[in-house]
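Structure below is final-v5.csv: CSV, C-alpha atoms.
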```
chain,number,residue,atom,x,y,z
A,263,MET,CA,6.9,-5.0,15.4
A,264,PHE,CA,9.8,-3.5,13.5
A,265,GLU,CA,12.8,-1.4,14.2
A,266,HIS,CA,13.7,0.3,10.9
A,267,THR,CA,11.8,-0.5,7.7
A,268,ALA,CA,8.4,-1.6,6.7
A,269,PHE,CA,7.4,-2.3,3.1
A,270,ARG,CA,4.1,-3.3,1.7
A,271,LEU,CA,3.2,-4.6,-1.7
A,272,GLU,CA,-0.5,-4.1,-2.5
A,273,ALA,CA,-1.7,-6.2,-5.4
A,274,ARG,CA,-5.5,-5.7,-5.2
A,275,ASP,CA,-7.7,-3.1,-7.1
A,276,TYR,CA,-10.1,-2.9,-4.1
A,277,TYR,CA,-10.2,-3.5,-0.4
A,278,TYR,CA,-13.3,-3.6,1.6
A,279,SER,CA,-12.9,-1.3,4.6
A,280,PRO,CA,-16.0,-0.1,6.5
A,281,ASN,CA,-14.0,2.8,8.1
A,282,GLU,CA,-13.3,4.4,4.7
A,283,SER,CA,-16.6,3.7,2.9
A,284,ARG,CA,-18.1,7.1,3.6
A,285,ALA,CA,-15.0,8.9,2.4
A,286,LEU,CA,-14.8,6.7,-0.7
A,287,ALA,CA,-18.5,7.6,-1.5
A,288,GLN,CA,-17.8,11.3,-1.0
A,289,PHE,CA,-14.7,11.0,-3.3
A,290,VAL,CA,-16.6,9.2,-6.0
A,291,ALA,CA,-19.5,11.7,-5.8
A,292,GLY,CA,-17.0,14.6,-6.2
A,293,GLU,CA,-17.8,16.0,-2.7
A,294,PRO,CA,-15.4,17.2,-0.1
A,295,VAL,CA,-13.8,14.2,1.6
A,296,ASP,CA,-13.9,14.0,5.4
A,297,MET,CA,-10.5,12.5,6.2
A,298,GLY,CA,-11.2,12.0,9.9
A,299,TRP,CA,-11.2,8.2,9.5
A,300,PHE,CA,-7.5,8.4,8.4
A,301,GLN,CA,-6.0,10.5,11.2
A,302,ASN,CA,-4.9,7.6,13.4
A,303,TRP,CA,-2.9,6.0,10.6
A,304,LEU,CA,-1.4,9.4,9.6
A,305,SER,CA,-0.5,10.1,13.3
A,306,MET,CA,1.2,6.7,13.6
A,307,ILE,CA,3.2,7.3,10.4
A,308,ARG,CA,4.3,10.7,11.5
A,309,THR,CA,5.5,9.4,14.9
A,310,ALA,CA,7.3,6.4,13.5
A,311,THR,CA,9.1,8.3,10.8
A,312,ALA,CA,10.1,11.0,13.3
A,313,GLU,CA,11.7,8.1,15.3
A,314,GLY,CA,13.7,7.1,12.2
A,315,ARG,CA,11.5,4.3,10.9
A,316,ARG,CA,10.8,4.0,7.2
A,317,PHE,CA,7.5,3.1,5.6
A,318,SER,CA,7.3,2.4,1.9
A,319,ARG,CA,4.6,0.9,-0.3
A,320,VAL,CA,4.1,-0.1,-3.9
A,321,ARG,CA,0.5,-0.3,-5.2
A,322,VAL,CA,0.0,-2.4,-8.3
A,323,VAL,CA,-3.0,-1.0,-10.1
A,324,SER,CA,-5.1,-1.8,-13.2
A,325,VAL,CA,-5.4,0.9,-15.8
A,326,PRO,CA,-7.8,2.6,-16.3
A,327,LEU,CA,-7.9,3.1,-12.6
A,328,THR,CA,-10.9,1.8,-10.6
A,329,ASP,CA,-12.8,4.4,-8.5
A,330,TYR,CA,-11.1,2.7,-5.5
A,331,SER,CA,-7.6,3.1,-7.0
A,332,ARG,CA,-8.3,6.7,-7.8
A,333,PHE,CA,-9.4,7.2,-4.2
A,334,GLY,CA,-6.1,5.5,-3.1
A,335,VAL,CA,-4.1,8.0,-5.2
A,336,PHE,CA,-6.0,10.8,-3.5
A,337,CYS,CA,-5.4,9.5,0.0
A,338,SER,CA,-1.7,8.8,-0.6
A,339,GLN,CA,-1.0,12.5,-0.8
A,340,TYR,CA,-1.7,12.6,2.9
A,341,THR,CA,0.3,9.5,3.7
A,342,ASN,CA,3.3,10.8,1.7
A,343,ALA,CA,3.0,14.1,3.5
A,344,ALA,CA,3.1,12.2,6.8
A,345,GLY,CA,6.3,10.4,5.8
A,346,GLU,CA,5.3,7.2,4.0
A,347,GLU,CA,6.7,6.7,0.5
A,348,ILE,CA,4.1,5.4,-1.9
A,349,ARG,CA,4.8,4.4,-5.5
A,350,TYR,CA,2.5,3.0,-8.2
A,351,LEU,CA,3.1,0.2,-10.7
A,352,THR,CA,0.7,-0.6,-13.5
A,353,ARG,CA,-0.4,-4.3,-13.5
A,354,ASP,CA,1.2,-4.9,-16.9
A,355,GLN,CA,4.6,-4.0,-15.4
A,356,ALA,CA,4.1,-6.3,-12.4
A,357,CYS,CA,3.9,-9.7,-14.2
A,358,ASP,CA,6.7,-11.3,-12.2
A,359,LEU,CA,5.5,-10.0,-8.8
A,360,PRO,CA,3.2,-12.0,-6.5
A,361,ASP,CA,-0.5,-11.5,-6.9
A,362,TYR,CA,-1.0,-11.1,-3.1
A,363,ASP,CA,-0.3,-8.4,-0.6
A,364,TYR,CA,2.5,-8.6,1.9
A,365,TRP,CA,4.4,-6.6,4.5
A,366,LEU,CA,8.1,-7.1,4.9
A,367,PHE,CA,9.5,-5.8,8.2
A,368,ASP,CA,13.3,-5.2,8.5
A,369,SER,CA,13.9,-7.9,5.9
A,370,ARG,CA,13.4,-10.4,8.7
A,371,LEU,CA,9.7,-10.9,9.0
A,372,LEU,CA,7.2,-11.4,6.2
A,373,VAL,CA,3.5,-11.1,6.8
A,374,LYS,CA,1.3,-12.4,3.9
A,375,MET,CA,-2.1,-10.8,3.9
A,376,HIS,CA,-5.2,-12.9,3.4
A,377,PHE,CA,-8.6,-11.7,2.0
A,378,ASP,CA,-11.8,-13.4,1.2
A,379,GLU,CA,-13.8,-13.2,-2.1
A,380,GLY,CA,-15.5,-10.0,-0.8
A,381,GLU,CA,-12.1,-8.3,-0.3
A,382,HIS,CA,-12.5,-8.5,3.5
A,383,PHE,CA,-9.2,-8.7,5.4
A,384,LEU,CA,-8.9,-12.1,7.1
A,385,GLY,CA,-5.6,-11.7,8.8
A,386,GLY,CA,-1.9,-12.0,8.2
A,387,GLU,CA,0.4,-15.1,8.2
A,388,GLY,CA,3.8,-14.5,9.7
A,389,VAL,CA,6.8,-16.1,7.9
A,390,LYS,CA,10.4,-16.2,9.1
A,391,ASP,CA,11.9,-18.6,6.6
A,392,PRO,CA,15.0,-16.9,5.3
A,393,ALA,CA,14.7,-18.2,1.7
A,394,VAL,CA,11.1,-16.9,1.5
A,395,ILE,CA,12.1,-13.6,3.0
A,396,VAL,CA,14.9,-13.2,0.4
A,397,GLN,CA,12.5,-13.9,-2.4
A,398,HIS,CA,10.1,-11.2,-1.1
A,399,ALA,CA,12.9,-8.8,-0.6
A,400,TYR,CA,13.8,-9.3,-4.3
A,401,TRP,CA,10.2,-8.6,-5.2
A,402,ARG,CA,10.2,-5.5,-3.0
A,403,ASP,CA,13.3,-4.2,-4.8
A,404,ALA,CA,12.0,-5.0,-8.3
A,405,ALA,CA,8.7,-3.4,-7.6
A,406,TRP,CA,10.3,-0.3,-6.1
A,407,HIS,CA,12.7,0.1,-9.0
A,408,ARG,CA,9.9,-0.1,-11.6
A,409,ALA,CA,7.3,1.9,-9.7
A,410,VAL,CA,6.5,5.6,-10.3
A,411,ARG,CA,6.5,8.1,-7.4
A,412,ARG,CA,3.0,8.9,-6.2
A,413,ASP,CA,3.1,12.6,-7.3
A,414,ASP,CA,4.3,11.7,-10.8
A,415,PHE,CA,1.7,8.9,-11.1
A,416,ALA,CA,-1.1,11.2,-10.0
A,417,THR,CA,0.0,13.8,-12.6
A,418,GLU,CA,0.1,11.1,-15.3
A,419,GLN,CA,-3.4,10.0,-14.5
A,420,ASN,CA,-5.0,13.5,-14.8
```
Using the file provided, produce a representation of the structure as C-alpha coordinates.
Amino acid sequence: MFEHTAFRLEARDYYYSPNESRALAQFVAGEPVDMGWFQNWLSMIRTATAEGRRFSRVRVVSVPLTDYSRFGVFCSQYTNAAGEEIRYLTRDQACDLPDYDYWLFDSRLLVKMHFDEGEHFLGGEGVKDPAVIVQHAYWRDAAWHRAVRRDDFATEQN
(Lines of atoms letter the chains of each structure in order from A and count residues from 1; the text may use other names and numbers.)
(Lines give C-alpha, C1' and ligand atoms only; values in the text may rest on other atoms or scores of the structure.)
Protein backbone atom coordinates (compact mmCIF):
# COMPACT_ATOMS: atom_id res chain seq x y z
CA MET A 1 0.00 0.00 0.00
CA PHE A 2 2.88 2.40 0.65
CA GLU A 3 6.58 2.55 -0.04
CA HIS A 4 8.04 4.84 2.61
CA THR A 5 5.80 6.64 5.11
CA ALA A 6 2.46 6.10 6.77
CA PHE A 7 0.97 8.68 9.12
CA ARG A 8 -2.27 8.41 11.06
CA LEU A 9 -4.19 11.10 12.88
CA GLU A 10 -6.51 9.62 15.51
CA ALA A 11 -9.16 12.05 16.69
CA ARG A 12 -11.47 9.83 18.74
CA ASP A 13 -11.45 9.11 22.48
CA TYR A 14 -12.70 5.55 21.95
CA TYR A 15 -12.68 2.86 19.27
CA TYR A 16 -14.81 -0.23 19.47
CA SER A 17 -12.57 -3.18 18.74
CA PRO A 18 -13.68 -6.65 19.84
CA ASN A 19 -10.14 -8.05 19.56
CA GLU A 20 -8.84 -5.72 22.28
CA SER A 21 -11.86 -5.73 24.62
CA ARG A 22 -10.46 -8.40 26.96
CA ALA A 23 -7.11 -6.59 27.26
CA LEU A 24 -8.90 -3.29 27.87
CA ALA A 25 -10.97 -4.86 30.67
CA GLN A 26 -7.81 -6.32 32.21
CA PHE A 27 -6.09 -2.92 32.04
CA VAL A 28 -9.02 -1.06 33.61
CA ALA A 29 -9.23 -3.69 36.38
CA GLY A 30 -5.52 -3.26 37.12
CA GLU A 31 -4.77 -6.85 36.15
CA PRO A 32 -1.85 -8.09 34.04
CA VAL A 33 -2.72 -7.43 30.40
CA ASP A 34 -2.50 -10.27 27.87
CA MET A 35 -1.03 -8.59 24.79
CA GLY A 36 -1.45 -11.64 22.53
CA TRP A 37 -4.15 -9.86 20.50
CA PHE A 38 -1.59 -7.19 19.51
CA GLN A 39 1.21 -9.39 18.24
CA ASN A 40 0.23 -9.42 14.54
CA TRP A 41 0.28 -5.60 14.41
CA LEU A 42 3.60 -5.40 16.27
CA SER A 43 5.15 -8.00 13.97
CA MET A 44 3.98 -6.08 10.90
CA ILE A 45 5.44 -2.83 12.29
CA ARG A 46 8.78 -4.50 13.06
CA THR A 47 9.01 -6.00 9.57
CA ALA A 48 8.00 -2.79 7.79
CA THR A 49 10.36 -0.57 9.78
CA ALA A 50 13.21 -3.05 9.27
CA GLU A 51 12.56 -2.61 5.52
CA GLY A 52 12.91 1.17 5.92
CA ARG A 53 9.26 2.17 6.10
CA ARG A 54 8.20 4.78 8.65
CA PHE A 55 5.04 4.64 10.73
CA SER A 56 3.99 7.69 12.74
CA ARG A 57 0.81 8.60 14.53
CA VAL A 58 -0.65 11.48 16.51
CA ARG A 59 -3.42 10.72 18.96
CA VAL A 60 -5.65 13.62 19.90
CA VAL A 61 -6.96 12.99 23.41
CA SER A 62 -9.30 14.63 25.89
CA VAL A 63 -7.91 15.42 29.32
CA PRO A 64 -8.51 13.94 31.77
CA LEU A 65 -7.85 10.78 29.78
CA THR A 66 -10.63 8.27 29.31
CA ASP A 67 -9.93 4.67 30.34
CA TYR A 68 -9.58 3.85 26.66
CA SER A 69 -7.02 6.63 26.10
CA ARG A 70 -5.05 5.50 29.15
CA PHE A 71 -5.10 1.99 27.63
CA GLY A 72 -3.84 3.50 24.36
CA VAL A 73 -0.91 5.14 26.15
CA PHE A 74 -0.13 1.77 27.76
CA CYS A 75 -0.26 -0.09 24.42
CA SER A 76 1.79 2.53 22.60
CA GLN A 77 4.88 1.58 24.59
CA TYR A 78 4.83 -1.67 22.60
CA THR A 79 4.23 -0.06 19.22
CA ASN A 80 6.97 2.49 19.84
CA ALA A 81 9.35 -0.33 20.77
CA ALA A 82 8.38 -2.08 17.52
CA GLY A 83 9.28 1.01 15.48
CA GLU A 84 6.14 3.14 15.22
CA GLU A 85 6.48 6.72 16.46
CA ILE A 86 3.43 7.78 18.48
CA ARG A 87 2.83 11.24 19.84
CA TYR A 88 -0.02 12.75 21.84
CA LEU A 89 -1.83 16.05 21.46
CA THR A 90 -4.46 17.30 23.88
CA ARG A 91 -7.77 18.19 22.30
CA ASP A 92 -7.49 21.85 23.29
CA GLN A 93 -4.31 22.11 21.20
CA ALA A 94 -5.91 20.46 18.16
CA CYS A 95 -8.59 23.05 17.40
CA ASP A 96 -7.53 23.59 13.77
CA LEU A 97 -7.13 19.89 12.96
CA PRO A 98 -9.88 17.73 11.46
CA ASP A 99 -12.18 15.87 13.84
CA TYR A 100 -11.86 12.63 11.90
CA ASP A 101 -9.21 9.95 11.59
CA TYR A 102 -7.10 9.53 8.50
CA TRP A 103 -4.08 7.71 7.15
CA LEU A 104 -1.71 9.51 4.78
CA PHE A 105 0.53 7.22 2.74
CA ASP A 106 3.66 8.64 1.07
CA SER A 107 1.90 12.03 0.82
CA ARG A 108 0.12 10.54 -2.23
CA LEU A 109 -2.87 8.65 -0.87
CA LEU A 110 -5.26 9.77 1.84
CA VAL A 111 -7.61 7.31 3.49
CA LYS A 112 -10.37 8.94 5.55
CA MET A 113 -11.63 6.57 8.21
CA HIS A 114 -15.37 6.23 8.84
CA PHE A 115 -17.04 5.10 12.08
CA ASP A 116 -20.65 4.76 13.19
CA GLU A 117 -22.21 6.17 16.38
CA GLY A 118 -21.06 3.09 18.32
CA GLU A 119 -17.42 3.71 17.28
CA HIS A 120 -17.43 0.67 14.98
CA PHE A 121 -15.05 1.02 12.04
CA LEU A 122 -17.05 1.17 8.79
CA GLY A 123 -14.19 1.42 6.31
CA GLY A 124 -11.86 3.85 4.63
CA GLU A 125 -12.40 6.23 1.76
CA GLY A 126 -9.41 6.60 -0.56
CA VAL A 127 -8.69 10.12 -1.83
CA LYS A 128 -6.04 11.02 -4.40
CA ASP A 129 -6.97 14.67 -5.07
CA PRO A 130 -3.65 16.56 -4.77
CA ALA A 131 -5.21 19.64 -3.11
CA VAL A 132 -6.89 17.49 -0.46
CA ILE A 133 -3.66 15.57 0.13
CA VAL A 134 -1.67 18.81 0.56
CA GLN A 135 -4.18 20.01 3.18
CA HIS A 136 -3.89 16.73 5.09
CA ALA A 137 -0.09 16.83 4.85
CA TYR A 138 -0.24 20.31 6.40
CA TRP A 139 -2.43 18.96 9.22
CA ARG A 140 0.00 16.05 9.67
CA ASP A 141 2.93 18.43 10.03
CA ALA A 142 1.04 20.78 12.38
CA ALA A 143 -0.09 17.91 14.59
CA TRP A 144 3.38 16.34 14.68
CA HIS A 145 5.02 19.65 15.56
CA ARG A 146 2.66 20.33 18.49
CA ALA A 147 2.33 16.78 19.79
CA VAL A 148 4.30 15.33 22.70
CA ARG A 149 6.39 12.19 22.38
CA ARG A 150 4.64 9.15 23.87
CA ASP A 151 7.12 8.62 26.71
CA ASP A 152 7.01 12.28 27.75
CA PHE A 153 3.21 12.30 27.59
CA ALA A 154 2.97 9.10 29.67
CA THR A 155 5.25 10.62 32.30
CA GLU A 156 3.14 13.81 32.40
CA GLN A 157 -0.03 11.78 32.94
CA ASN A 158 1.28 9.89 35.98
key: Residue nearest A:Ala409 - candidates A:Val389, A:Leu271, A:Cys337, A:Val394, atoms counted: all atoms listed in the file   =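 When distances to A:Ala409 are compared using all atoms listed in the file, the smallest one comes from A:Leu271.
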ask   = Which residues come within 7 Å of A:Ala268, counting only C-alpha atoms, excluding same-chain residues fewer than 3 positions away, as a VMD selection string?
value = chain A and resid 316 to 318 365 to 368
query = Suppose you want the space between atom CA of A:Glu347 and atom CA of A:Gly388; what is it in Å?
reply = 23.3 Å
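Counting all atoms listed in the file, A:Val325 has the following residues at most 9 Å away, ignoring those fewer than 4 positions along the same chain: Thr352, Arg353 and Asp354 of chain A.
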Those residues you just picked out, can you put them in a file as a CSV table (one decimal), keeping the file's coordinate frame with C-alpha atoms?
```csv
chain,number,residue,atom,x,y,z
A,352,THR,CA,0.7,-0.6,-13.5
A,353,ARG,CA,-0.4,-4.3,-13.5
A,354,ASP,CA,1.2,-4.9,-16.9
```
request  = Choose the residue, out of A:Gly386, A:Gly314, A:His266, A:Asp329, that has the smallest atom-to-atom separation from A:Gln288; count all atoms listed in the file.
outcome  =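 Looking only at the distances to A:Gln288, the closest residue turns out to be A:Asp329.
Between A:Arg308 and the residues A:Ala273, A:Val335, A:Val295, A:Ala343, the shortest atom-to-atom distance, using all atoms listed in the file, involves A:Ala343.
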request  = Work out how far apart atom CA of A:Arg349 and atom CA of A:Arg412 are and give it in Å to one decimal.
outcome  =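 Calculated distance between atom CA of A:Arg349 and atom CA of A:Arg412 is 4.9 Å.
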query = Out of A:Lys390, A:His398, A:Arg332, A:Lys374, which residue has the shortest atom-to-atom distance to A:Leu359 when counting all atoms listed in the file?
reply =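 Of A:Lys390, A:His398, A:Arg332, A:Lys374, the one nearest A:Leu359 is A:His398, counting all atoms listed in the file.
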message = Nearest residue to A:Asp361 out of A:Ala344, A:Met375, A:Thr309, A:Ala393, using only C-alpha atoms?
response =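 Result for the nearest residue to A:Asp361: A:Met375.
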Missing atoms in stretch 369-380 of chain A: fill them in up to all heavy atoms and send the result as a tab-separated table (two decimals), in the frame of the given file.
```tsv
chain	number	residue	atom	x	y	z
A	369	SER	N	13.38	-6.75	6.64
A	369	SER	CA	13.90	-7.90	5.90
A	369	SER	C	14.11	-9.12	6.74
A	369	SER	O	14.97	-9.96	6.47
A	369	SER	CB	15.20	-7.52	5.13
A	369	SER	OG	14.95	-6.52	4.17
A	370	ARG	N	13.30	-9.23	7.81
A	370	ARG	CA	13.40	-10.40	8.70
A	370	ARG	C	12.07	-11.07	8.94
A	370	ARG	O	12.05	-12.24	9.30
A	370	ARG	CB	13.92	-9.90	10.10
A	370	ARG	CG	15.35	-9.50	10.10
A	370	ARG	CD	15.83	-9.28	11.50
A	370	ARG	NE	14.88	-8.45	12.25
A	370	ARG	CZ	15.23	-7.54	13.13
A	370	ARG	NH1	16.48	-7.33	13.41
A	370	ARG	NH2	14.33	-6.83	13.74
A	371	LEU	N	10.98	-10.33	8.78
A	371	LEU	CA	9.70	-10.90	9.00
A	371	LEU	C	8.77	-10.54	7.82
A	371	LEU	O	8.65	-9.37	7.45
A	371	LEU	CB	9.03	-10.36	10.29
A	371	LEU	CG	7.56	-10.76	10.54
A	371	LEU	CD1	7.42	-12.27	10.73
A	371	LEU	CD2	7.00	-10.00	11.73
A	372	LEU	N	8.15	-11.56	7.25
A	372	LEU	CA	7.20	-11.40	6.20
A	372	LEU	C	5.81	-11.67	6.74
A	372	LEU	O	5.63	-12.63	7.51
A	372	LEU	CB	7.50	-12.41	5.05
A	372	LEU	CG	6.45	-12.56	3.96
A	372	LEU	CD1	6.42	-11.33	3.07
A	372	LEU	CD2	6.73	-13.81	3.14
A	373	VAL	N	4.86	-10.84	6.38
A	373	VAL	CA	3.50	-11.10	6.80
A	373	VAL	C	2.65	-11.10	5.47
A	373	VAL	O	2.48	-10.06	4.82
A	373	VAL	CB	2.92	-10.05	7.74
A	373	VAL	CG1	1.45	-10.34	8.07
A	373	VAL	CG2	3.76	-10.02	9.02
A	374	LYS	N	2.20	-12.29	5.07
A	374	LYS	CA	1.30	-12.40	3.90
A	374	LYS	C	-0.08	-12.10	4.34
A	374	LYS	O	-0.58	-12.61	5.34
A	374	LYS	CB	1.36	-13.86	3.36
A	374	LYS	CG	2.65	-14.23	2.68
A	374	LYS	CD	2.52	-15.63	2.10
A	374	LYS	CE	3.73	-16.03	1.32
A	374	LYS	NZ	3.57	-17.37	0.73
A	375	MET	N	-0.73	-11.24	3.57
A	375	MET	CA	-2.10	-10.80	3.90
A	375	MET	C	-3.09	-11.68	3.20
A	375	MET	O	-2.91	-12.02	2.03
A	375	MET	CB	-2.26	-9.33	3.47
A	375	MET	CG	-1.11	-8.42	3.88
A	375	MET	SD	-0.83	-8.35	5.65
A	375	MET	CE	-2.02	-7.12	6.06
A	376	HIS	N	-4.16	-12.02	3.92
A	376	HIS	CA	-5.20	-12.90	3.40
A	376	HIS	C	-6.54	-12.16	3.34
A	376	HIS	O	-6.91	-11.49	4.30
A	376	HIS	CB	-5.32	-14.18	4.18
A	376	HIS	CG	-4.06	-15.00	4.15
A	376	HIS	ND1	-3.65	-15.68	3.04
A	376	HIS	CD2	-3.12	-15.21	5.10
A	376	HIS	CE1	-2.51	-16.30	3.30
A	376	HIS	NE2	-2.16	-16.03	4.54
A	377	PHE	N	-7.25	-12.32	2.23
A	377	PHE	CA	-8.60	-11.70	2.00
A	377	PHE	C	-9.52	-12.74	1.49
A	377	PHE	O	-9.12	-13.72	0.86
A	377	PHE	CB	-8.43	-10.57	0.95
A	377	PHE	CG	-7.53	-9.45	1.37
A	377	PHE	CD1	-6.15	-9.52	1.18
A	377	PHE	CD2	-8.05	-8.32	1.98
A	377	PHE	CE1	-5.31	-8.49	1.58
A	377	PHE	CE2	-7.21	-7.28	2.38
A	377	PHE	CZ	-5.85	-7.38	2.18
A	378	ASP	N	-10.81	-12.51	1.72
A	378	ASP	CA	-11.80	-13.40	1.20
A	378	ASP	C	-12.29	-12.87	-0.19
A	378	ASP	O	-11.79	-11.87	-0.69
A	378	ASP	CB	-12.98	-13.64	2.14
A	378	ASP	CG	-13.83	-12.41	2.39
A	378	ASP	OD1	-13.74	-11.41	1.65
A	378	ASP	OD2	-14.62	-12.43	3.36
A	379	GLU	N	-13.28	-13.54	-0.79
A	379	GLU	CA	-13.80	-13.20	-2.10
A	379	GLU	C	-14.41	-11.77	-2.11
A	379	GLU	O	-14.49	-11.12	-3.15
A	379	GLU	CB	-14.83	-14.16	-2.63
A	379	GLU	CG	-14.45	-15.62	-2.57
A	379	GLU	CD	-14.61	-16.22	-1.16
A	379	GLU	OE1	-15.59	-15.94	-0.45
A	379	GLU	OE2	-13.69	-16.98	-0.79
A	380	GLY	N	-14.89	-11.31	-0.97
A	380	GLY	CA	-15.50	-10.00	-0.80
A	380	GLY	C	-14.48	-8.90	-0.51
A	380	GLY	O	-14.87	-7.78	-0.18
```
